[in-house]
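Heads up, structure.csv below (CSV, C-alpha atoms and all ligand atoms):
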```csv
chain,number,residue,atom,x,y,z
A,26,MET,CA,5.5,10.7,40.5
A,27,LYS,CA,6.9,11.3,37.0
A,28,HIS,CA,6.4,8.5,34.5
A,29,ILE,CA,9.5,7.2,32.7
A,30,VAL,CA,8.9,5.1,29.7
A,31,VAL,CA,11.8,3.0,28.4
A,32,LEU,CA,12.0,1.6,24.9
A,33,SER,CA,14.7,-1.1,25.0
A,34,GLY,CA,16.2,-3.3,22.3
A,35,ALA,CA,18.8,-6.0,21.9
A,36,GLY,CA,21.7,-3.7,22.9
A,37,VAL,CA,20.5,-3.6,26.5
A,38,SER,CA,21.2,-7.3,26.8
A,39,ALA,CA,24.4,-7.3,24.8
A,40,GLU,CA,26.6,-6.9,27.9
A,41,SER,CA,24.8,-10.0,29.3
A,42,GLY,CA,26.2,-12.0,26.4
A,43,LEU,CA,23.2,-12.1,24.1
A,44,LYS,CA,23.9,-11.1,20.5
A,45,THR,CA,22.1,-8.2,18.8
A,46,PHE,CA,20.5,-8.8,15.5
A,47,ARG,CA,22.1,-6.2,13.2
A,48,ASP,CA,25.7,-6.3,14.3
A,49,ALA,CA,26.6,-9.5,12.3
A,50,ASP,CA,26.0,-8.9,8.6
A,51,GLY,CA,22.3,-9.7,8.7
A,52,LEU,CA,22.9,-13.1,10.2
A,53,TRP,CA,21.5,-14.0,13.6
A,54,GLU,CA,23.7,-16.5,15.4
A,55,GLY,CA,24.7,-17.8,11.9
A,56,HIS,CA,21.2,-17.9,10.4
A,57,ASN,CA,19.5,-15.9,7.8
A,58,VAL,CA,16.8,-14.0,9.8
A,59,MET,CA,14.2,-14.9,7.1
A,60,ASP,CA,14.7,-18.6,7.7
A,61,VAL,CA,14.2,-18.5,11.5
A,62,ALA,CA,12.1,-15.5,12.2
A,63,THR,CA,9.2,-15.6,9.7
A,64,PRO,CA,6.0,-17.7,9.5
A,65,GLU,CA,7.2,-18.8,6.0
A,66,GLY,CA,10.4,-20.1,7.5
A,67,PHE,CA,8.5,-22.0,10.2
A,68,ALA,CA,6.2,-23.5,7.5
A,69,LYS,CA,9.1,-24.6,5.4
A,70,ASN,CA,11.3,-26.0,8.1
A,71,PRO,CA,9.7,-26.1,11.5
A,72,GLU,CA,12.4,-28.3,13.0
A,73,LEU,CA,15.1,-25.8,12.2
A,74,VAL,CA,13.1,-23.0,13.7
A,75,LEU,CA,12.3,-24.9,16.9
A,76,THR,CA,15.9,-25.9,17.3
A,77,PHE,CA,17.0,-22.3,16.7
A,78,TYR,CA,14.7,-21.0,19.5
A,79,ASN,CA,15.6,-24.0,21.7
A,80,GLU,CA,19.2,-22.8,21.5
A,81,ARG,CA,18.3,-19.2,22.2
A,82,ARG,CA,16.2,-20.4,25.3
A,83,LYS,CA,19.0,-22.5,26.6
A,84,GLN,CA,21.4,-19.6,26.2
A,85,LEU,CA,19.0,-17.2,28.0
A,86,LEU,CA,18.8,-19.5,31.0
A,87,GLU,CA,22.7,-19.3,31.3
A,88,VAL,CA,23.0,-15.5,31.2
A,89,LYS,CA,22.2,-12.8,33.8
A,90,PRO,CA,20.9,-9.3,33.8
A,91,ASN,CA,23.6,-6.6,33.6
A,92,SER,CA,23.9,-3.3,35.4
A,93,ALA,CA,21.8,-1.5,32.8
A,94,HIS,CA,18.9,-3.8,33.6
A,95,PHE,CA,19.4,-3.3,37.3
A,96,ASP,CA,19.7,0.5,37.0
A,97,LEU,CA,16.4,0.5,35.0
A,98,ALA,CA,14.8,-1.5,37.7
A,99,ALA,CA,16.1,0.8,40.4
A,100,LEU,CA,14.4,3.8,38.7
A,101,GLU,CA,11.1,2.4,40.2
A,102,GLN,CA,12.2,3.8,43.6
A,103,ASP,CA,11.7,7.3,42.4
A,104,TYR,CA,9.5,7.1,39.3
A,105,LYS,CA,6.6,5.2,37.8
A,106,VAL,CA,8.4,3.1,35.1
A,107,THR,CA,7.1,1.3,32.2
A,108,ILE,CA,9.5,-0.7,30.1
A,109,ILE,CA,8.5,-1.4,26.5
A,110,THR,CA,11.0,-3.9,25.2
A,111,GLN,CA,11.6,-5.4,21.8
A,112,ASN,CA,13.6,-8.2,23.5
A,113,VAL,CA,12.2,-11.7,24.0
A,114,ASP,CA,14.5,-12.3,27.0
A,115,ASP,CA,13.3,-11.9,30.6
A,116,LEU,CA,16.4,-10.0,31.8
A,117,HIS,CA,14.4,-6.8,32.7
A,118,GLU,CA,12.1,-8.9,34.9
A,119,ARG,CA,15.0,-10.8,36.5
A,120,ALA,CA,16.6,-7.5,37.4
A,121,GLY,CA,13.5,-6.5,39.2
A,122,SER,CA,11.5,-4.4,36.8
A,123,THR,CA,7.8,-5.0,37.6
A,124,ASN,CA,6.1,-3.4,34.6
A,125,VAL,CA,7.5,-4.8,31.3
A,126,ILE,CA,5.7,-5.0,28.0
A,127,HIS,CA,7.2,-7.4,25.4
A,128,LEU,CA,6.3,-6.1,22.0
A,129,HIS,CA,7.9,-9.0,20.2
A,130,GLY,CA,6.9,-11.9,22.5
A,131,GLU,CA,8.8,-14.0,25.0
A,132,LEU,CA,11.3,-16.8,24.6
A,133,LEU,CA,10.0,-18.5,27.8
A,134,LYS,CA,6.5,-18.8,26.5
A,135,ALA,CA,4.9,-21.0,23.8
A,136,ARG,CA,1.8,-20.4,21.7
A,137,SER,CA,-0.6,-22.6,20.0
A,138,ILE,CA,-0.4,-22.4,16.2
A,139,LYS,CA,-4.3,-22.5,16.0
A,140,ASN,CA,-5.5,-20.2,18.7
A,141,ASN,CA,-4.3,-17.6,21.2
A,142,ASP,CA,-3.4,-20.1,24.0
A,143,ILE,CA,-0.1,-19.0,25.6
A,144,LEU,CA,1.8,-21.2,28.0
A,145,PRO,CA,5.0,-20.9,30.1
A,146,TRP,CA,7.8,-22.9,28.5
A,147,ASN,CA,11.4,-23.2,29.6
A,148,THR,CA,12.5,-26.4,28.1
A,149,ASP,CA,13.2,-27.6,24.5
A,150,MET,CA,10.2,-27.4,22.2
A,151,LYS,CA,9.6,-30.2,19.6
A,152,LEU,CA,7.2,-31.2,16.8
A,153,GLY,CA,4.5,-33.1,18.6
A,154,ASP,CA,4.4,-30.8,21.7
A,155,LEU,CA,0.7,-29.7,21.9
A,156,CYS,CA,-1.4,-27.1,23.6
A,157,ALA,CA,-4.4,-28.2,25.8
A,158,GLN,CA,-6.6,-28.3,22.7
A,159,GLY,CA,-4.2,-30.7,20.9
A,160,HIS,CA,-2.6,-28.2,18.5
A,161,GLN,CA,1.1,-27.9,17.8
A,162,ILE,CA,2.8,-25.1,19.7
A,163,ARG,CA,5.4,-22.7,18.5
A,164,PRO,CA,7.6,-20.1,20.2
A,165,HIS,CA,5.6,-17.1,21.5
A,166,ILE,CA,7.6,-14.7,19.2
A,167,VAL,CA,6.3,-12.0,16.9
A,168,TRP,CA,8.0,-13.0,13.6
A,169,PHE,CA,8.6,-10.6,10.7
A,170,GLY,CA,5.4,-10.1,8.8
A,171,GLU,CA,3.2,-10.8,11.8
A,172,ALA,CA,1.0,-8.3,13.7
A,173,VAL,CA,2.4,-6.7,16.9
A,174,PRO,CA,-0.6,-7.2,19.3
A,175,MET,CA,0.9,-5.0,22.1
A,176,ILE,CA,1.5,-2.0,19.9
A,177,ASP,CA,-1.7,-0.1,20.7
A,178,GLU,CA,-1.2,-0.4,24.4
A,179,ALA,CA,2.4,0.7,23.9
A,180,ILE,CA,1.3,3.8,22.0
A,181,GLU,CA,-1.1,4.8,24.8
A,182,ILE,CA,1.7,4.4,27.4
A,183,CYS,CA,4.1,6.5,25.3
A,184,LYS,CA,1.5,9.3,25.3
A,185,THR,CA,1.7,9.5,29.1
A,186,ALA,CA,5.5,9.6,29.3
A,187,ASP,CA,7.2,12.5,31.2
A,188,ILE,CA,10.6,11.1,30.1
A,189,LEU,CA,11.5,8.6,27.5
A,190,ILE,CA,14.7,6.5,27.6
A,191,ILE,CA,15.6,4.6,24.5
A,192,VAL,CA,18.4,2.1,25.0
A,193,GLY,CA,20.2,-0.4,22.7
A,194,THR,CA,18.0,-0.4,19.6
A,195,SER,CA,18.9,0.4,16.1
A,196,MET,CA,15.5,2.0,15.6
A,197,GLN,CA,15.2,0.0,12.3
A,198,VAL,CA,12.1,-2.1,13.0
A,199,TYR,CA,8.6,-0.7,12.9
A,200,PRO,CA,6.2,-0.3,14.4
A,201,ALA,CA,8.4,-0.3,17.5
A,202,ALA,CA,10.7,2.4,16.2
A,203,GLY,CA,7.7,4.7,15.6
A,204,LEU,CA,6.8,4.7,19.3
A,205,LYS,CA,9.0,7.7,20.1
A,206,ASP,CA,6.7,9.9,17.9
A,207,PHE,CA,3.8,9.4,20.4
A,208,VAL,CA,5.4,11.1,23.4
A,209,LYS,CA,4.1,14.6,24.0
A,210,SER,CA,6.0,17.3,22.2
A,211,GLY,CA,8.8,18.6,24.5
A,212,THR,CA,9.2,15.3,26.4
A,213,PRO,CA,12.9,14.8,27.2
A,214,ILE,CA,14.3,11.8,25.3
A,215,PHE,CA,17.6,10.0,26.2
A,216,TYR,CA,18.9,7.7,23.6
A,217,ILE,CA,21.7,5.3,24.7
A,218,ASP,CA,23.5,3.4,21.9
A,219,PRO,CA,27.2,3.1,21.0
A,220,LYS,CA,26.2,3.3,17.3
A,221,PRO,CA,23.0,5.4,17.5
A,222,ALA,CA,20.6,5.9,14.6
A,223,ASP,CA,19.9,9.5,13.6
A,224,ILE,CA,16.9,10.7,15.5
A,225,HIS,CA,15.9,14.1,14.4
A,226,ASP,CA,14.2,15.7,17.4
A,227,LYS,CA,15.5,18.7,19.3
A,228,TYR,CA,14.5,17.1,22.6
A,229,VAL,CA,16.8,14.0,22.2
A,230,THR,CA,20.0,13.7,24.1
A,231,THR,CA,22.0,11.0,22.4
A,232,ILE,CA,24.5,9.2,24.7
A,233,LYS,CA,26.9,7.3,22.5
A,234,GLU,CA,27.8,4.7,25.0
A,235,LYS,CA,27.1,1.1,26.0
A,236,ALA,CA,23.9,0.5,28.0
A,237,SER,CA,25.8,0.0,31.3
A,238,THR,CA,27.7,3.3,31.3
A,239,GLY,CA,25.0,5.2,29.4
A,240,MET,CA,22.5,4.4,32.1
A,241,LYS,CA,24.9,5.9,34.7
A,242,THR,CA,25.0,9.1,32.5
A,243,VAL,CA,21.2,9.2,32.3
A,244,ILE,CA,20.8,8.7,36.1
A,245,LYS,CA,23.1,11.6,36.7
A,246,ALA,CA,21.2,13.8,34.2
A,247,LEU,CA,17.9,12.9,35.9
A,248,SER,CA,19.1,13.7,39.3
A,249,SER,CA,20.0,17.2,38.2
A,250,GLN,CA,16.6,17.9,36.5
B,301,LIG,N1,24.8,-1.3,24.8
B,301,LIG,C1,23.8,-0.6,24.1
B,301,LIG,N2,23.6,-0.8,22.8
B,301,LIG,C2,24.3,-1.6,22.2
B,301,LIG,C3,25.3,-2.4,22.8
B,301,LIG,C4,25.6,-2.2,24.2
B,301,LIG,N3,26.5,-2.8,24.8
B,301,LIG,N4,25.9,-3.2,21.8
B,301,LIG,C5,25.2,-3.0,20.7
B,301,LIG,N5,24.3,-2.0,20.9
B,301,LIG,C6,23.3,-1.5,19.9
B,301,LIG,C7,23.7,-1.5,18.5
B,301,LIG,O1,24.6,-0.4,18.2
B,301,LIG,C8,22.4,-1.4,17.8
B,301,LIG,O2,22.0,-0.1,17.5
B,301,LIG,O3,22.1,-2.2,20.0
B,301,LIG,C9,21.4,-2.0,18.8
B,301,LIG,C10,20.9,-3.3,18.4
B,301,LIG,O4,20.1,-3.2,17.2
B,301,LIG,P1,19.4,-4.4,16.6
B,301,LIG,O5,20.3,-5.6,16.5
B,301,LIG,O6,18.8,-4.0,15.3
B,301,LIG,O7,18.3,-4.8,17.7
B,301,LIG,P2,16.8,-4.2,17.9
B,301,LIG,O8,16.8,-2.7,17.6
B,301,LIG,O9,16.4,-4.6,19.3
B,301,LIG,O10,16.0,-5.0,16.8
B,301,LIG,C11,14.6,-4.8,16.8
B,301,LIG,O11,14.4,-6.6,15.2
B,301,LIG,O12,15.1,-8.7,14.5
B,301,LIG,C12,14.1,-7.9,15.1
B,301,LIG,O13,12.4,-8.7,16.5
B,301,LIG,C13,13.8,-8.4,16.5
B,301,LIG,O14,13.2,-7.1,18.5
B,301,LIG,C14,14.1,-7.2,17.3
B,301,LIG,C15,13.9,-6.1,16.4
```
Kindly return the structure encoded in the file as structure tokens.
Amino acid sequence: MKHIVVLSGAGVSAESGLKTFRDADGLWEGHNVMDVATPEGFAKNPELVLTFYNERRKQLLEVKPNSAHFDLAALEQDYKVTIITQNVDDLHERAGSTNVIHLHGELLKARSIKNNDILPWNTDMKLGDLCAQGHQIRPHIVWFGEAVPMIDEAIEICKTADILIIVGTSMQVYPAAGLKDFVKSGTPIFYIDPKPADIHDKYVTTIKEKASTGMKTVIKALSSQ
């Protein structure tokens, strides 16, 4: 079975109603990213940060996967599929994908601020909510300036790709954006994005479409391979 590796970003969830990061003048749902998505922002105003992620979590529980998520999940009928996502939502999983790596953490998990304890979390998070060892918890999100613990595993997975699908990412944030450089030379790459970044690689087919229609185009291309 061929191995399809998918690198997804906020754009794959846009048609579900979740906002992307870089489509709104550097603001994310009205906030400066540095205030809500950095360890410094959390140290300065933890309540603001917790409230911000509480709102994101609430919103996530109200939306549904879209056809791009479902089409990616359906690829598992014919391929081994690994999804490496920058998204903190669980829409790939809810669509049925069974092998999803979250590079930037997960909105529906909490993490202790003192150790690596990770717990499931689907309600509001407040100051005073503690892990089993009695430490404050925080959203299980990789903030700007923090290490990306899953990156080494993601690199190894990319090395084994027979096909790479990149969908809905501006390719601005590293190390995630660098993953495409780890696929074997000559690996076909499909890049779906209505406003794609310039990727200079002769094996890239850029599909300037939304995730939903772009996935249909990719499926057609795969079936004629
Ligand atoms: N279908 C596909 N792509 C879309 C759609 C859509 N319907 N709508 C918008 N896009 C594209 C935009 O053109 C853009 O290129 O999705 C991309 C979203 O880019 P970003 O907002 O930069 O999101 P992403 O690449 O996932 O950001 C990476 O940055 O803020 C951090 O940690 C956060 O994981 C995030 C990382």
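CA of Glu234 (chain A) is found 19.0 Å from CA of Ser248 (chain A).
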Neighbourhood of ligand LIG 301 (chain B) at 6 Å, counting only C-alpha atoms and all ligand atoms, reported as a PDB file with C-alpha atoms, in the frame of the given file:
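As written to disk, part27.pdb reads:
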```pdb
ATOM      1  CA  GLY A  34      16.200  -3.300  22.300  1.00  0.00           C
ATOM      2  CA  ALA A  35      18.800  -6.000  21.900  1.00  0.00           C
ATOM      3  CA  GLY A  36      21.700  -3.700  22.900  1.00  0.00           C
ATOM      4  CA  VAL A  37      20.500  -3.600  26.500  1.00  0.00           C
ATOM      5  CA  ALA A  39      24.400  -7.300  24.800  1.00  0.00           C
ATOM      6  CA  GLU A  40      26.600  -6.900  27.900  1.00  0.00           C
ATOM      7  CA  THR A  45      22.100  -8.200  18.800  1.00  0.00           C
ATOM      8  CA  PHE A  46      20.500  -8.800  15.500  1.00  0.00           C
ATOM      9  CA  ARG A  47      22.100  -6.200  13.200  1.00  0.00           C
ATOM     10  CA  ASP A  48      25.700  -6.300  14.300  1.00  0.00           C
ATOM     11  CA  GLN A 111      11.600  -5.400  21.800  1.00  0.00           C
ATOM     12  CA  ASN A 112      13.600  -8.200  23.500  1.00  0.00           C
ATOM     13  CA  HIS A 129       7.900  -9.000  20.200  1.00  0.00           C
ATOM     14  CA  GLY A 193      20.200  -0.400  22.700  1.00  0.00           C
ATOM     15  CA  THR A 194      18.000  -0.400  19.600  1.00  0.00           C
ATOM     16  CA  SER A 195      18.900   0.400  16.100  1.00  0.00           C
ATOM     17  CA  MET A 196      15.500   2.000  15.600  1.00  0.00           C
ATOM     18  CA  VAL A 198      12.100  -2.100  13.000  1.00  0.00           C
ATOM     19  CA  ASP A 218      23.500   3.400  21.900  1.00  0.00           C
ATOM     20  CA  PRO A 219      27.200   3.100  21.000  1.00  0.00           C
ATOM     21  CA  LYS A 220      26.200   3.300  17.300  1.00  0.00           C
ATOM     22  CA  PRO A 221      23.000   5.400  17.500  1.00  0.00           C
ATOM     23  CA  LYS A 235      27.100   1.100  26.000  1.00  0.00           C
ATOM     24  CA  ALA A 236      23.900   0.500  28.000  1.00  0.00           C
TER      25      ALA A 236
END
```
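Proximity ranking of A:Gln197, A:Gln161, A:Ser237, A:Gln84 relative to Pro71 (chain A) places A:Gln161 first, based on only C-alpha atoms.
When CA of Glu65 (chain A) is paired with CA of Leu128 (chain A), their separation reads 20.4 Å.
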Who sits within 6 Å of Ser122 (chain A), all atoms listed in the file, same chain under 3 positions skipped, as number ranges by chain:
A: 98, 117-118
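Using all atoms listed in the file for every distance, the candidate list A:Trp168, A:Ala120, A:Thr148, A:Arg81 yields A:Ala120 as the residue closest to Ala93 (chain A).
Among A:Phe67, A:Ile109, A:Thr231, A:Gly211, the residue with the shortest atom-to-atom distance to Val30 (chain A), counting all atoms listed in the file, is A:Ile109.
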Residue nearest Asp114 (chain A) - candidates A:Leu43, A:Ile176, A:Leu100, A:Met59, atoms counted: only C-alpha atoms:
A:Leu43
So which residues touch Glu131 (chain A) within 12 Å, counting all atoms listed in the file, skipping near sequence neighbours fewer than 5 positions away, as number ranges by chain?
A: 78, 81-82, 85, 110-118, 125-126, 136, 143-147, 163-168
Looking at A:Ile182, A:Ile191, A:Asp96, A:Phe169, which one is nearest to Gly66 (chain A), with distances taken over only C-alpha atoms?
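Of all the options, A:Phe169 lies closest to Gly66 (chain A).
Here CA of Gly130 (chain A) and CA of Pro174 (chain A) stand 9.4 Å from one another.
For the residues A:Lys83, A:Asp60, A:Ser137, A:Tyr216, ranking by smallest atom-to-atom distance to Ala157 (chain A) using all atoms listed in the file places A:Ser137 first.
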Counting all atoms listed in the file, which residues have an atom no more than 7 Å from (5.6, 0.7, 19.1) in the file's coordinates? Please list them as a PyMOL selection string.
chain A and resi 176+179-180+200-204
